[in-house]
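*Asks:* The structure that follows is given in the form of structure tokens.
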Amino acid sequence: MLRYVVNPRAQYIQSALRISSFVKRPFTTPKGATPSEQDIAAARKWLAKFDAETIPKSICEVDFSRSSGPGGQNVNKVNSKATLRVPLSSLLPHIPPLLHQLVRNSPYYAKNSDSLLIQASDSRKQRDNLHACYVKLDQVVLDGAAKLLPGETSEAQRERVKNLQKADNERRIKMKKVHGSKKSSRRGDWD
């Protein structure tokens with residue numbers, strides 16, 4: 001006689017998977033959802049005011065270490081490589097909510113520490129490498145905003161598009177009439 005044994009752990013995992021499918025996760029948007037006009041306007045306004053001081057330096061953790069690469073002066077002697085760690089819990093309040101997910105998708109995002117980890121070792125000087133890190137941080141935010149925020153359409157451009165659509169529609173109707181008249185001229189009286 002065969003006896004069917006049910007694994008209680010497997011049942012628990014299946015029920016957990018069913019329950020987790022109903023849980024809303026942060027920073028996800030439903031498919032097809034678009035940001036509201038107010039969100040876009042607020043992000044544009046913030047972006048217009050954005051400069052190097054918008055993100056305070058006090059939220060960043062700076063560390064210097066030895067640079068790698070071929071030998072030479074200072075390579076193995078001086079800590080010139082700059083590492084900038086910006087915890088997202090400190091950064092996100094300073095940027096619009098519309099850009100939060102883009103910051104998380106950045107190549108500098110470190111999932112384990114939930115922070116941006118930016119390094120620079122281009123120069124022999126600590127100061128220059130630190131400045132390069134801050135420039136990269138600003139660039140991450142600006143690039144994300146440029147990808148996400150659509151450009152504003154001027155009134156002249158809207159009018160131009162409207163006129164082009166109207167001309168295209170008139171051309172389409174004219175072509176339909178020509179095609180229809182061509183077909184009607186082919187019809188003969190076969191009686």
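Residues in the structure tokens are numbered from 1 in each chain, the chains being A, B, ... in the order shown, and ligands are numbered from 1 in the order shown.
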Pull the alpha helix (DSSP H) assignments for range 62-107 of chain A out of DSSP run on the backbone, and list those residues as a PyMOL selection string.
*Replies:* chain A and resi 88-91+100-104
*Asks:* Kindly export the residues of the current selection with C-alpha atoms, as a compact mmCIF listing (two decimals), in the first residue's frame.
*Replies:*
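Output file again26.txt is given in full below:
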```txt
# COMPACT_ATOMS: atom_id res chain seq x y z
CA LEU A 88 19.99 56.32 0.53
CA SER A 89 18.16 56.95 3.79
CA SER A 90 20.03 60.27 3.92
CA LEU A 91 19.98 61.05 0.19
CA HIS A 100 14.14 57.60 -6.13
CA GLN A 101 13.91 54.47 -8.27
CA LEU A 102 16.40 55.82 -10.79
CA VAL A 103 18.94 56.38 -8.03
CA ARG A 104 18.43 52.78 -6.92
```
*Asks:* Just the residues within 10 Å of range 131-133 of chain A, please, counting only C-alpha atoms, with nothing from its chain fewer than 6 positions along; format it as a ChimeraX atom specification.
*Replies:* /A:62,82-85,117-123,139
*Asks:* Take the residues from that selection and write them out as an mmCIF file, in the first residue's frame, keeping N, CA and C atoms.
*Replies:*
```
data_model
loop_
_atom_site.group_PDB
_atom_site.id
_atom_site.type_symbol
_atom_site.label_atom_id
_atom_site.label_comp_id
_atom_site.auth_asym_id
_atom_site.auth_seq_id
_atom_site.Cartn_x
_atom_site.Cartn_y
_atom_site.Cartn_z
ATOM 1 N N VAL A 62 33.153 59.829 3.663
ATOM 2 C CA VAL A 62 34.328 59.839 2.795
ATOM 3 C C VAL A 62 35.402 58.945 3.397
ATOM 4 N N ALA A 82 39.716 58.100 -3.473
ATOM 5 C CA ALA A 82 38.585 58.560 -2.658
ATOM 6 C C ALA A 82 37.394 57.633 -2.868
ATOM 7 N N THR A 83 36.743 57.288 -1.773
ATOM 8 C CA THR A 83 35.525 56.492 -1.809
ATOM 9 C C THR A 83 34.444 57.274 -1.084
ATOM 10 N N LEU A 84 33.357 57.522 -1.788
ATOM 11 C CA LEU A 84 32.246 58.300 -1.237
ATOM 12 C C LEU A 84 31.064 57.363 -1.059
ATOM 13 N N ARG A 85 30.569 57.248 0.156
ATOM 14 C CA ARG A 85 29.403 56.412 0.445
ATOM 15 C C ARG A 85 28.268 57.334 0.870
ATOM 16 N N LEU A 117 27.844 53.990 -3.731
ATOM 17 C CA LEU A 117 29.266 53.839 -3.454
ATOM 18 C C LEU A 117 30.026 54.310 -4.688
ATOM 19 N N ILE A 118 30.662 55.474 -4.564
ATOM 20 C CA ILE A 118 31.335 56.106 -5.695
ATOM 21 C C ILE A 118 32.817 56.197 -5.387
ATOM 22 N N GLN A 119 33.651 55.783 -6.347
ATOM 23 C CA GLN A 119 35.099 55.805 -6.146
ATOM 24 C C GLN A 119 35.768 56.568 -7.271
ATOM 25 N N ALA A 120 36.881 57.218 -6.942
ATOM 26 C CA ALA A 120 37.688 57.904 -7.952
ATOM 27 C C ALA A 120 39.151 57.787 -7.563
ATOM 28 N N SER A 121 39.970 57.421 -8.534
ATOM 29 C CA SER A 121 41.411 57.342 -8.300
ATOM 30 C C SER A 121 42.162 57.874 -9.517
ATOM 31 N N ASP A 122 41.567 58.839 -10.204
ATOM 32 C CA ASP A 122 42.150 59.368 -11.438
ATOM 33 C C ASP A 122 43.369 60.242 -11.182
ATOM 34 N N SER A 123 43.350 60.947 -10.072
ATOM 35 C CA SER A 123 44.405 61.917 -9.795
ATOM 36 C C SER A 123 45.319 61.412 -8.681
ATOM 37 N N GLN A 139 26.136 63.865 -11.168
ATOM 38 C CA GLN A 139 25.828 63.367 -12.507
ATOM 39 C C GLN A 139 24.815 62.231 -12.458
#
```
*Asks:* Excluding Leu99 in chain A and its own-chain neighbours fewer than 6 positions away, which residues fall within 10 Å of it when counting only C-alpha atoms? Please give them as a VMD selection string.
*Replies:* chain A and resid 43 92 141 to 142 144 to 145 147 to 149
*Asks:* Restricted to C-alpha atoms, what would the selected residues look like written as a PDB file, in the first residue's frame?
*Replies:*
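Below you can see part34.pdb, which holds the result:
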```
ATOM      1  CA  ALA A  43      10.788  67.556 -10.203  1.00  0.00           C
ATOM      2  CA  LEU A  92      16.357  60.367  -0.749  1.00  0.00           C
ATOM      3  CA  VAL A 141      21.046  62.537 -10.171  1.00  0.00           C
ATOM      4  CA  LEU A 142      21.122  64.730 -13.289  1.00  0.00           C
ATOM      5  CA  GLY A 144      18.363  60.106 -13.914  1.00  0.00           C
ATOM      6  CA  ALA A 145      16.320  63.281 -14.147  1.00  0.00           C
ATOM      7  CA  LYS A 147      16.038  60.161 -18.600  1.00  0.00           C
ATOM      8  CA  LEU A 148      12.804  60.394 -16.668  1.00  0.00           C
ATOM      9  CA  LEU A 149      11.516  63.925 -17.100  1.00  0.00           C
TER      10      LEU A 149
END
```
*Asks:* Would you mind reading off the distance between CA of Arg44 in chain A and CA of Asp138 in chain A, one decimal, in Å?
*Replies:* 15.6 Å
*Asks:* Tell me which of A:Arg127, A:Arg171, A:Lys182, A:Lys77 sits closest to Asp63 in chain A, counting only C-alpha atoms.
*Replies:*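 Among the listed residues, A:Arg127 lies closest to Asp63 in chain A.
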